[in-house]
Structure formats: C-alpha cells, structure tokens
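A.B. asks: Below is the file final-v1.cif, with mmCIF, C-alpha atoms (C1' of nucleotides).
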data_protein
#
loop_
_atom_site.group_PDB
_atom_site.id
_atom_site.type_symbol
_atom_site.label_atom_id
_atom_site.label_comp_id
_atom_site.auth_asym_id
_atom_site.auth_seq_id
_atom_site.Cartn_x
_atom_site.Cartn_y
_atom_site.Cartn_z
ATOM 1 C CA MET A 1 45.957 111.262 118.415
ATOM 2 C CA ARG A 2 43.666 110.544 121.346
ATOM 3 C CA ILE A 3 44.251 111.016 125.056
ATOM 4 C CA ALA A 4 41.847 109.850 127.751
ATOM 5 C CA THR A 5 41.399 110.034 131.518
ATOM 6 C CA TRP A 6 39.502 107.565 133.687
ATOM 7 C CA ASN A 7 39.089 107.239 137.439
ATOM 8 C CA VAL A 8 38.725 103.463 137.699
ATOM 9 C CA ASN A 9 38.081 103.177 141.473
ATOM 10 C CA SER A 10 40.385 100.173 142.001
ATOM 11 C CA LEU A 11 42.463 98.914 139.109
ATOM 12 C CA SER A 12 42.383 95.402 140.559
ATOM 13 C CA VAL A 13 38.625 95.272 140.150
ATOM 14 C CA ARG A 14 38.466 97.264 136.921
ATOM 15 C CA LEU A 15 41.397 95.812 134.947
ATOM 16 C CA PRO A 16 39.181 93.676 132.670
ATOM 17 C CA GLN A 17 37.093 96.755 131.867
ATOM 18 C CA VAL A 18 40.177 98.854 131.194
ATOM 19 C CA LEU A 19 41.532 96.228 128.796
ATOM 20 C CA ALA A 20 38.174 95.922 127.042
ATOM 21 C CA TRP A 21 37.845 99.684 126.789
ATOM 22 C CA LEU A 22 41.356 100.037 125.334
ATOM 23 C CA GLN A 23 40.579 97.379 122.763
ATOM 24 C CA ALA A 24 37.509 99.329 121.648
ATOM 25 C CA ASN A 25 39.237 102.709 122.117
ATOM 26 C CA PRO A 26 42.920 102.317 121.282
ATOM 27 C CA VAL A 27 43.902 105.756 122.549
ATOM 28 C CA ASP A 28 47.517 106.897 122.446
ATOM 29 C CA ALA A 29 47.575 107.693 126.150
ATOM 30 C CA LEU A 30 45.289 106.862 129.061
ATOM 31 C CA ALA A 31 45.507 108.444 132.501
ATOM 32 C CA LEU A 32 44.175 106.328 135.349
ATOM 33 C CA GLN A 33 43.256 107.459 138.848
ATOM 34 C CA GLU A 34 42.338 105.683 142.071
ATOM 35 C CA LEU A 35 44.384 102.594 141.376
ATOM 36 C CA LYS A 36 44.116 101.640 145.056
ATOM 37 C CA LEU A 37 47.117 99.369 144.721
ATOM 38 C CA THR A 38 50.857 99.549 145.232
ATOM 39 C CA ASP A 39 53.308 99.512 142.334
ATOM 40 C CA ASP A 40 54.329 95.917 143.061
ATOM 41 C CA LYS A 41 50.716 94.900 142.370
ATOM 42 C CA PHE A 42 50.383 97.033 139.227
ATOM 43 C CA PRO A 43 49.230 94.815 136.303
ATOM 44 C CA LEU A 44 52.123 95.811 134.069
ATOM 45 C CA GLN A 45 52.256 92.616 132.049
ATOM 46 C CA ALA A 46 48.576 92.606 131.093
ATOM 47 C CA LEU A 47 48.839 96.209 129.946
ATOM 48 C CA GLN A 48 52.020 95.538 127.993
ATOM 49 C CA GLU A 49 50.313 92.635 126.278
ATOM 50 C CA ALA A 50 47.570 95.097 125.340
ATOM 51 C CA GLY A 51 50.208 97.221 123.618
ATOM 52 C CA TYR A 52 50.913 99.877 126.239
ATOM 53 C CA HIS A 53 53.864 101.159 128.160
ATOM 54 C CA ALA A 54 52.926 102.062 131.689
ATOM 55 C CA VAL A 55 54.272 104.027 134.617
ATOM 56 C CA SER A 56 52.480 104.107 137.920
ATOM 57 C CA HIS A 57 52.557 105.914 141.223
ATOM 58 C CA GLY A 58 50.596 103.601 143.432
ATOM 59 C CA GLN A 59 49.459 103.481 147.024
ATOM 60 C CA LYS A 60 47.681 100.981 149.199
ATOM 61 C CA THR A 61 43.899 101.373 149.654
ATOM 62 C CA TYR A 62 43.595 104.953 148.427
ATOM 63 C CA ASN A 63 44.716 107.163 145.543
ATOM 64 C CA GLY A 64 47.266 105.982 142.993
ATOM 65 C CA VAL A 65 47.726 107.232 139.422
ATOM 66 C CA ALA A 66 49.235 105.905 136.195
ATOM 67 C CA TRP A 67 49.927 106.744 132.557
ATOM 68 C CA LEU A 68 49.495 104.152 129.836
ATOM 69 C CA THR A 69 51.139 105.221 126.571
ATOM 70 C CA ARG A 70 51.565 103.665 123.147
ATOM 71 C CA THR A 71 55.125 104.922 122.921
ATOM 72 C CA PRO A 72 57.576 104.976 125.824
ATOM 73 C CA ALA A 73 57.209 107.805 128.316
ATOM 74 C CA SER A 74 60.128 109.807 129.678
ATOM 75 C CA GLU A 75 60.789 112.468 132.336
ATOM 76 C CA VAL A 76 58.516 110.768 134.844
ATOM 77 C CA VAL A 77 57.575 112.900 137.846
ATOM 78 C CA ARG A 78 55.656 111.476 140.792
ATOM 79 C CA ASN A 79 53.772 113.964 142.972
ATOM 80 C CA ILE A 80 54.212 117.730 143.008
ATOM 81 C CA PRO A 81 57.870 118.631 143.459
ATOM 82 C CA GLY A 82 58.429 120.487 146.706
ATOM 83 C CA LEU A 83 55.081 119.518 148.213
ATOM 84 C CA ASP A 84 55.317 117.215 151.202
ATOM 85 C CA ASP A 85 52.464 114.854 150.358
ATOM 86 C CA ASP A 86 52.060 111.268 151.510
ATOM 87 C CA GLN A 87 49.220 110.657 149.040
ATOM 88 C CA ALA A 88 49.949 109.423 145.497
ATOM 89 C CA ARG A 89 48.031 111.902 143.371
ATOM 90 C CA ILE A 90 50.235 113.041 140.486
ATOM 91 C CA ILE A 91 52.188 111.396 137.717
ATOM 92 C CA ALA A 92 53.620 113.365 134.813
ATOM 93 C CA VAL A 93 55.402 112.066 131.724
ATOM 94 C CA THR A 94 56.650 113.291 128.376
ATOM 95 C CA MET A 95 55.483 111.454 125.280
ATOM 96 C CA ASP A 96 56.919 111.871 121.801
ATOM 97 C CA THR A 97 54.331 112.755 119.172
ATOM 98 C CA PRO A 98 54.538 113.563 115.454
ATOM 99 C CA SER A 99 54.392 117.254 116.388
ATOM 100 C CA GLY A 100 57.062 116.982 119.047
ATOM 101 C CA PRO A 101 57.230 116.150 122.739
ATOM 102 C CA MET A 102 54.034 116.498 124.742
ATOM 103 C CA ARG A 103 53.940 116.856 128.510
ATOM 104 C CA LEU A 104 51.160 114.784 130.077
ATOM 105 C CA ILE A 105 50.132 115.544 133.656
ATOM 106 C CA ASN A 106 47.691 113.224 135.386
ATOM 107 C CA GLY A 107 46.132 114.231 138.700
ATOM 108 C CA TYR A 108 43.815 112.659 141.209
ATOM 109 C CA PHE A 109 42.850 115.898 142.895
ATOM 110 C CA VAL A 110 41.964 115.977 146.579
ATOM 111 C CA ASN A 111 38.288 115.363 147.324
ATOM 112 C CA GLY A 112 38.105 117.745 150.275
ATOM 113 C CA GLN A 113 35.067 116.249 152.030
ATOM 114 C CA ALA A 114 33.444 119.524 153.113
ATOM 115 C CA PRO A 115 34.363 123.194 153.482
ATOM 116 C CA GLY A 116 35.855 123.924 156.889
ATOM 117 C CA THR A 117 37.394 120.495 157.389
ATOM 118 C CA ASP A 118 41.081 119.623 157.530
ATOM 119 C CA LYS A 119 40.630 117.755 154.266
ATOM 120 C CA PHE A 120 39.274 120.874 152.589
ATOM 121 C CA ALA A 121 42.266 122.866 153.838
ATOM 122 C CA TYR A 122 44.529 120.157 152.395
ATOM 123 C CA LYS A 123 42.657 120.443 149.104
ATOM 124 C CA MET A 124 43.300 124.186 149.002
ATOM 125 C CA ARG A 125 47.017 123.766 149.792
ATOM 126 C CA TRP A 126 47.289 121.008 147.206
ATOM 127 C CA LEU A 127 45.538 123.052 144.521
ATOM 128 C CA GLN A 128 47.831 126.017 145.155
ATOM 129 C CA ALA A 129 50.928 123.827 144.942
ATOM 130 C CA LEU A 130 49.604 122.276 141.750
ATOM 131 C CA GLN A 131 48.994 125.659 140.198
ATOM 132 C CA ASP A 132 52.503 126.862 141.002
ATOM 133 C CA TRP A 133 54.052 123.692 139.621
ATOM 134 C CA VAL A 134 51.898 123.585 136.468
ATOM 135 C CA ARG A 135 52.932 127.171 135.727
ATOM 136 C CA SER A 136 56.574 126.105 135.609
ATOM 137 C CA GLU A 137 55.756 122.954 133.650
ATOM 138 C CA MET A 138 53.971 125.049 131.043
ATOM 139 C CA ALA A 139 56.986 127.299 130.701
ATOM 140 C CA ALA A 140 59.141 124.247 130.034
ATOM 141 C CA HIS A 141 56.668 122.360 127.833
ATOM 142 C CA PRO A 142 54.542 124.390 125.388
ATOM 143 C CA HIS A 143 52.617 121.276 124.391
ATOM 144 C CA LEU A 144 51.038 120.267 127.680
ATOM 145 C CA VAL A 145 47.883 118.446 128.726
ATOM 146 C CA LEU A 146 46.565 118.392 132.301
ATOM 147 C CA VAL A 147 43.999 115.664 132.853
ATOM 148 C CA GLY A 148 42.405 113.783 135.668
ATOM 149 C CA ASP A 149 39.767 113.683 138.341
ATOM 150 C CA PHE A 150 39.771 117.325 139.415
ATOM 151 C CA ASN A 151 37.021 116.897 142.014
ATOM 152 C CA VAL A 152 35.695 120.301 140.980
ATOM 153 C CA ALA A 153 32.510 121.035 139.038
ATOM 154 C CA PRO A 154 33.694 124.248 137.338
ATOM 155 C CA GLU A 155 30.289 125.760 136.597
ATOM 156 C CA ASP A 156 26.670 125.309 137.589
ATOM 157 C CA ARG A 157 25.966 123.468 134.350
ATOM 158 C CA ASP A 158 28.492 120.847 135.449
ATOM 159 C CA SER A 159 26.239 119.735 138.312
ATOM 160 C CA TYR A 160 22.867 117.974 138.396
ATOM 161 C CA ASP A 161 21.730 120.211 141.270
ATOM 162 C CA PRO A 162 23.667 123.486 141.372
ATOM 163 C CA VAL A 163 21.089 125.133 143.624
ATOM 164 C CA GLY A 164 20.714 122.376 146.202
ATOM 165 C CA LEU A 165 24.453 121.736 146.223
ATOM 166 C CA LYS A 166 25.516 125.387 146.201
ATOM 167 C CA ASP A 167 28.646 125.936 148.297
ATOM 168 C CA THR A 168 29.011 122.212 149.034
ATOM 169 C CA ILE A 169 32.070 120.200 148.075
ATOM 170 C CA HIS A 170 32.977 120.389 144.358
ATOM 171 C CA HIS A 171 30.813 123.506 144.076
ATOM 172 C CA THR A 172 32.485 126.043 146.361
ATOM 173 C CA VAL A 173 33.700 129.443 145.227
ATOM 174 C CA GLU A 174 37.196 128.526 146.452
ATOM 175 C CA GLU A 175 37.439 125.324 144.422
ATOM 176 C CA ARG A 176 36.087 127.022 141.321
ATOM 177 C CA ALA A 177 38.573 129.859 141.737
ATOM 178 C CA HIS A 178 41.380 127.314 141.701
ATOM 179 C CA PHE A 179 39.988 125.761 138.533
ATOM 180 C CA GLN A 180 39.757 129.214 136.970
ATOM 181 C CA ALA A 181 43.338 129.901 138.017
ATOM 182 C CA LEU A 182 44.446 126.938 135.923
ATOM 183 C CA LEU A 183 42.557 128.389 132.962
ATOM 184 C CA ASP A 184 44.188 131.736 133.671
ATOM 185 C CA LEU A 185 47.579 130.079 133.235
ATOM 186 C CA GLY A 186 46.533 129.603 129.619
ATOM 187 C CA LEU A 187 44.966 126.160 129.801
ATOM 188 C CA ILE A 188 41.734 125.438 127.943
ATOM 189 C CA ASP A 189 38.908 123.117 128.997
ATOM 190 C CA ALA A 190 38.797 120.915 125.886
ATOM 191 C CA PHE A 191 35.280 119.684 126.658
ATOM 192 C CA ARG A 192 33.869 123.206 126.453
ATOM 193 C CA MET A 193 35.503 123.905 123.107
ATOM 194 C CA PHE A 194 32.609 121.982 121.556
ATOM 195 C CA GLU A 195 28.832 121.811 121.609
ATOM 196 C CA GLN A 196 27.900 119.200 124.199
ATOM 197 C CA PRO A 197 24.673 117.555 125.281
ATOM 198 C CA GLU A 198 22.998 119.324 128.184
ATOM 199 C CA LYS A 199 23.584 117.670 131.529
ATOM 200 C CA SER A 200 26.889 116.125 130.513
ATOM 201 C CA TYR A 201 28.634 114.566 133.496
ATOM 202 C CA SER A 202 31.593 112.292 134.166
ATOM 203 C CA TRP A 203 30.686 110.922 137.607
ATOM 204 C CA TRP A 204 27.468 109.549 139.071
ATOM 205 C CA ASP A 205 26.903 108.379 142.644
ATOM 206 C CA TYR A 206 26.542 104.623 142.984
ATOM 207 C CA ARG A 207 23.600 105.218 145.307
ATOM 208 C CA MET A 208 19.998 106.114 144.630
ATOM 209 C CA LEU A 209 20.139 105.227 140.915
ATOM 210 C CA GLY A 210 22.392 108.202 140.294
ATOM 211 C CA PHE A 211 23.395 107.128 136.804
ATOM 212 C CA GLN A 212 19.944 106.009 135.736
ATOM 213 C CA LYS A 213 18.567 109.381 136.810
ATOM 214 C CA ASN A 214 21.617 111.206 135.384
ATOM 215 C CA ARG A 215 22.287 112.818 138.734
ATOM 216 C CA GLY A 216 25.967 113.458 138.145
ATOM 217 C CA LEU A 217 28.830 115.916 138.153
ATOM 218 C CA ARG A 218 31.395 116.850 135.525
ATOM 219 C CA ILE A 219 34.557 116.649 137.582
ATOM 220 C CA ASP A 220 36.920 114.781 135.247
ATOM 221 C CA HIS A 221 38.629 117.189 132.903
ATOM 222 C CA ILE A 222 41.113 117.561 130.075
ATOM 223 C CA LEU A 223 42.883 120.905 129.878
ATOM 224 C CA VAL A 224 45.198 121.688 126.963
ATOM 225 C CA SER A 225 47.800 124.395 126.556
ATOM 226 C CA ALA A 226 47.213 127.242 124.103
ATOM 227 C CA ALA A 227 49.744 125.829 121.654
ATOM 228 C CA LEU A 228 47.596 122.706 121.324
ATOM 229 C CA ARG A 229 44.244 124.434 121.064
ATOM 230 C CA GLY A 230 44.195 124.554 117.266
ATOM 231 C CA SER A 231 44.788 120.824 116.962
ATOM 232 C CA VAL A 232 41.924 119.737 119.243
ATOM 233 C CA THR A 233 39.128 118.336 117.093
ATOM 234 C CA ALA A 234 36.856 116.607 119.619
ATOM 235 C CA CYS A 235 36.293 115.967 123.317
ATOM 236 C CA SER A 236 33.582 113.849 124.891
ATOM 237 C CA VAL A 237 32.560 111.685 127.824
ATOM 238 C CA ASP A 238 32.200 107.979 127.071
ATOM 239 C CA ARG A 239 29.231 106.936 129.199
ATOM 240 C CA LEU A 240 29.243 103.337 127.999
ATOM 241 C CA PRO A 241 31.561 101.901 130.671
ATOM 242 C CA ARG A 242 29.269 103.319 133.355
ATOM 243 C CA LYS A 243 26.639 100.860 132.092
ATOM 244 C CA ASN A 244 28.887 97.850 132.642
ATOM 245 C CA PRO A 245 28.266 95.407 135.446
ATOM 246 C CA GLN A 246 30.472 96.513 138.369
ATOM 247 C CA PRO A 247 31.265 99.892 136.833
ATOM 248 C CA SER A 248 33.532 102.576 138.151
ATOM 249 C CA ASP A 249 31.499 105.534 139.333
ATOM 250 C CA HIS A 250 33.434 107.661 136.795
ATOM 251 C CA ALA A 251 33.316 107.523 133.002
ATOM 252 C CA PRO A 252 36.295 108.135 130.707
ATOM 253 C CA VAL A 253 36.793 111.518 129.044
ATOM 254 C CA VAL A 254 38.536 111.484 125.654
ATOM 255 C CA VAL A 255 40.168 114.253 123.633
ATOM 256 C CA THR A 256 41.180 114.005 119.977
ATOM 257 C CA LEU A 257 44.047 116.074 118.558
ATOM 258 C CA ASP A 258 45.099 116.292 114.938
ATOM 259 C "C1'" DA B 1 19.297 115.283 158.727
ATOM 260 C "C1'" DT B 2 20.640 110.775 157.281
ATOM 261 C "C1'" DG B 3 21.663 107.088 154.236
ATOM 262 C "C1'" DA B 4 21.646 105.110 150.088
ATOM 263 C "C1'" DC B 5 26.629 101.995 146.943
ATOM 264 C "C1'" DG B 6 31.092 100.184 146.306
ATOM 265 C "C1'" DG B 7 36.130 99.300 147.503
ATOM 266 C "C1'" DT B 8 39.549 98.281 151.022
ATOM 267 C "C1'" DG B 9 41.402 96.361 155.232
ATOM 268 C "C1'" DT B 10 41.593 92.640 158.474
ATOM 269 C "C1'" DG B 11 36.880 92.456 160.130
ATOM 270 C "C1'" DG B 12 32.446 90.962 162.164
ATOM 271 C "C1'" DC B 13 32.524 96.500 161.102
ATOM 272 C "C1'" DA B 14 34.800 101.476 160.049
ATOM 273 C "C1'" DC B 15 36.534 104.597 156.802
ATOM 274 C "C1'" DC B 16 36.488 106.934 152.532
ATOM 275 C "C1'" DG B 17 34.847 108.564 148.261
ATOM 276 C "C1'" DA B 18 31.922 112.636 145.786
#
Output the file's structure in the form of structure tokens.
C.D. replies:
Amino acid sequence: MRIATWNVNSLSVRLPQVLAWLQANPVDALALQELKLTDDKFPLQALQEAGYHAVSHGQKTYNGVAWLTRTPASEVVRNIPGLDDDQARIIAVTMDTPSGPMRLINGYFVNGQAPGTDKFAYKMRWLQALQDWVRSEMAAHPHLVLVGDFNVAPEDRDSYDPVGLKDTIHHTVEERAHFQALLDLGLIDAFRMFEQPEKSYSWWDYRMLGFQKNRGLRIDHILVSAALRGSVTACSVDRLPRKNPQPSDHAPVVVTLD
DNA sequence: ATGACGGTGTGGCACCGA
C-alpha cells in the first residue's frame, strides 16, 4: 500500500499533473494541499474517472485540502475540532485496508511568515491545537498516518542553508519543538527511517533557480504511528514533477507500507 | 536589505506563499 502527500499550489492549474502523476503512481491514497478552490469547483468527476474517491475541504484563493482514496473514505473531519479557524487546513478520513481501518490526517500547516508576527502566533496556536487533537485521534486509531505540508524543517539537514536561515521561519526552535512534540506522541518520521540522499528536500523556491541549484527545504512529511512502523518499507520524495513545465513548488512524498 | 516566481482576485496592481 502506498500513501502520498503533495502540495499542488492550485488544483485548478495542477489537475493535469495530478492525473498524470496518479497514472504513473497509482497510490492508494493521496493527500493534497493548497487547492485554492472551493468545494463546488473541486474536480470530482475527473478524479473519479481516474479511479479515486475524493473528499475535499476547500477555500477560495488560499489553503484547501483533500484526500483521494482508492476505496471509499469514512469518518470525515474537516479542520481541528474545537479550534475556531476560518482557514481550511485539515481533512481527516478513515480508510479500510487489509490490516484494518487506517486513520489518515492531512494538514496544510500554517506558514507563519516570520517570528514575532500575528501569523507566527497563529501558527503556534494552531500547532498546539493540532497536537492536542492528534493525541486523541491516536488513542482512537492505532493505525494512523499524519501527512502534509508541515511548514517546518525539523532539523538542520532539512534545509539548504541552516546557518543563514537560523531562527527564520521553518527553522525556529519553537516550530521544531512542535514537530518534536508530534514525534513524542509516538509518531515516526517515515522519511528518516531510511537512508536518504544528502540534501533531500520537498520544496524549492520558484525564484533564483531554487530547484536547479537544489536550494530547498524538507517541509512535507509523513508521520506514522508506532503500530505501523514495522510495515513501512520505503519513503521518498518524487522530484520528477518539480521538473514539469508549470510545476508546483512542492514535490510529492510517498510512503510504502506492507 | 530587497527582490527574485507563481497563483489569485478583480486589477492595472497587492497580497501571500516559504
């Protein structure tokens, strides 16, 4: 079984690439972020014709998340329960698998702009609410995967310039502590379970030849619960879509489970 | 220090992303 996450930076623009990628990579579930469209504009039919069920939590202009699944999804939750949030950043579903139900949480985490700003304070509040909610989700669902665009580079090796960017957004002690707190709940960073190429990233700035120079960040993650750890056999970034004409600035991350 | 690129909205640019 394969599960993937991809920040597509506008599903309207990227739909042909998503369909092409799914044809080449027929994963069992794909989490999308930054749809930048409302649910009434969600391309449900095209995705169904590609063989996927889909549930979305859309929003105009910004944010928006969705799950595409091979089998129908149930127990759909949109946004963090109890958090008053006008931004569409979370969608969670349960998917039946051969080894039982699996809880799939997809997040488009807050960017945060810069430490000291209102947006950074919102990021901290949001991360705390997420942590509290994920804790309860894990108690209810032993087989759980938390994926998405975390907007956090967990360690120095996840950044092309950890010295120059020290304490800037994605690199702050506070953001990294929140990422660590998710690991402390018992989640495991699937990507780091395996040997990886040095300077592995999932996002590259559109500007200044960021991708060509591999000036990127690893901010898109797949975390798995302890009960799933033994079944994870691979996890990697697929850089190919970043080479497309009109690419998203993010590349998909894929995990394989037995 | 700033902007660089790309997407969106309703515009002649501003805002946001990371």
A.B. asks: So, with all atoms listed in the file as the atoms that count, which of A:Asp132, A:Lys36, A:Ala31, A:Leu182 lies closest to DG7 in chain B?
C.D. replies: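 Closest candidate: A:Lys36.
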A.B. asks: How would you write, as a PDB file with C-alpha atoms (C1' of nucleotides), in the frame of the given file, the residues chosen by the PyMOL selection byres ((chain B) within 12 of (chain A)) on this structure?
C.D. replies:
ATOM      1  C1'  DG B   3      21.663 107.088 154.236  1.00  0.00           C
ATOM      2  C1'  DA B   4      21.646 105.110 150.088  1.00  0.00           C
ATOM      3  C1'  DC B   5      26.629 101.995 146.943  1.00  0.00           C
ATOM      4  C1'  DG B   6      31.092 100.184 146.306  1.00  0.00           C
ATOM      5  C1'  DG B   7      36.130  99.300 147.503  1.00  0.00           C
ATOM      6  C1'  DT B   8      39.549  98.281 151.022  1.00  0.00           C
ATOM      7  C1'  DG B   9      41.402  96.361 155.232  1.00  0.00           C
ATOM      8  C1'  DC B  15      36.534 104.597 156.802  1.00  0.00           C
ATOM      9  C1'  DC B  16      36.488 106.934 152.532  1.00  0.00           C
ATOM     10  C1'  DG B  17      34.847 108.564 148.261  1.00  0.00           C
ATOM     11  C1'  DA B  18      31.922 112.636 145.786  1.00  0.00           C
TER      12       DA B  18
END
A.B. asks: Where does the PyMOL selection byres ((chain A and resi 138) around 12) land in this file, that is, which residues does it pick, as JSON, numbers by chain?
C.D. replies: {"A": [102, 103, 104, 105, 130, 131, 132, 133, 134, 135, 136, 137, 139, 140, 141, 142, 143, 144, 145, 146, 182, 185, 186, 187, 223, 224, 225, 226, 227, 228]}
A.B. asks: I'd like to see the residues matched by the PyMOL selection byres ((chain A and resi 42-46) around 10) on this file, and ideally I'd get them as a ChimeraX atom specification.
C.D. replies: /A:11-12,15-16,19,35-41,47-58,66,68
A.B. asks: So that I can check the surroundings of range 241-245 of chain A, please list as a list in words every protein, DNA and RNA residue that reaches within 10 Å of it, counting all atoms listed in the file and ignoring chain neighbours fewer than 2 positions away.
C.D. replies: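 Using all atoms listed in the file, the neighbours found are Gln17, Val18, Ala20, Trp21, Ser202, Trp203, Trp204, Phe211, Gln212, Asp238, Arg239, Pro247, Ser248, Asp249, His250, Ala251 and Pro252 of chain A.
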A.B. asks: Kindly reconstruct range 166-188 of chain A with N, CA and C atoms and present the result as a compact mmCIF listing (two decimals), in the frame of the given file.
C.D. replies:
# COMPACT_ATOMS: atom_id res chain seq x y z
N LYS A 166 24.74 124.14 146.17
CA LYS A 166 25.52 125.39 146.20
C LYS A 166 26.40 125.44 147.44
N ASP A 167 27.66 125.78 147.23
CA ASP A 167 28.65 125.94 148.30
C ASP A 167 29.02 124.63 149.01
N THR A 168 28.55 123.48 148.49
CA THR A 168 29.01 122.21 149.03
C THR A 168 30.23 121.75 148.23
N ILE A 169 30.82 120.65 148.68
CA ILE A 169 32.07 120.20 148.07
C ILE A 169 31.89 119.97 146.56
N HIS A 170 32.92 120.36 145.83
CA HIS A 170 32.98 120.39 144.36
C HIS A 170 32.34 121.64 143.76
N HIS A 171 31.57 122.37 144.58
CA HIS A 171 30.81 123.51 144.08
C HIS A 171 31.22 124.83 144.73
N THR A 172 32.21 124.82 145.61
CA THR A 172 32.48 126.04 146.36
C THR A 172 33.19 127.09 145.49
N VAL A 173 33.03 128.33 145.91
CA VAL A 173 33.70 129.44 145.23
C VAL A 173 35.22 129.22 145.23
N GLU A 174 35.74 128.70 146.34
CA GLU A 174 37.20 128.53 146.45
C GLU A 174 37.71 127.48 145.46
N GLU A 175 37.01 126.36 145.37
CA GLU A 175 37.44 125.32 144.42
C GLU A 175 37.36 125.84 142.99
N ARG A 176 36.27 126.52 142.68
CA ARG A 176 36.09 127.02 141.32
C ARG A 176 37.12 128.09 140.98
N ALA A 177 37.53 128.86 141.98
CA ALA A 177 38.57 129.86 141.74
C ALA A 177 39.89 129.17 141.39
N HIS A 178 40.16 128.05 142.04
CA HIS A 178 41.38 127.31 141.70
C HIS A 178 41.31 126.74 140.29
N PHE A 179 40.14 126.26 139.91
CA PHE A 179 39.99 125.76 138.53
C PHE A 179 40.21 126.91 137.54
N GLN A 180 39.60 128.04 137.84
CA GLN A 180 39.76 129.21 136.97
C GLN A 180 41.22 129.65 136.90
N ALA A 181 41.92 129.51 138.01
CA ALA A 181 43.34 129.90 138.02
C ALA A 181 44.14 129.05 137.04
N LEU A 182 43.77 127.79 136.91
CA LEU A 182 44.45 126.94 135.92
C LEU A 182 44.14 127.43 134.51
N LEU A 183 42.89 127.83 134.27
CA LEU A 183 42.56 128.39 132.96
C LEU A 183 43.33 129.69 132.73
N ASP A 184 43.49 130.46 133.79
CA ASP A 184 44.19 131.74 133.67
C ASP A 184 45.68 131.56 133.36
N LEU A 185 46.20 130.36 133.64
CA LEU A 185 47.58 130.08 133.24
C LEU A 185 47.69 129.93 131.72
N GLY A 186 46.53 129.79 131.06
CA GLY A 186 46.53 129.60 129.62
C GLY A 186 46.03 128.24 129.19
N LEU A 187 45.52 127.47 130.15
CA LEU A 187 44.97 126.16 129.80
C LEU A 187 43.52 126.32 129.35
N ILE A 188 43.08 125.38 128.51
CA ILE A 188 41.73 125.44 127.94
C ILE A 188 41.01 124.14 128.25
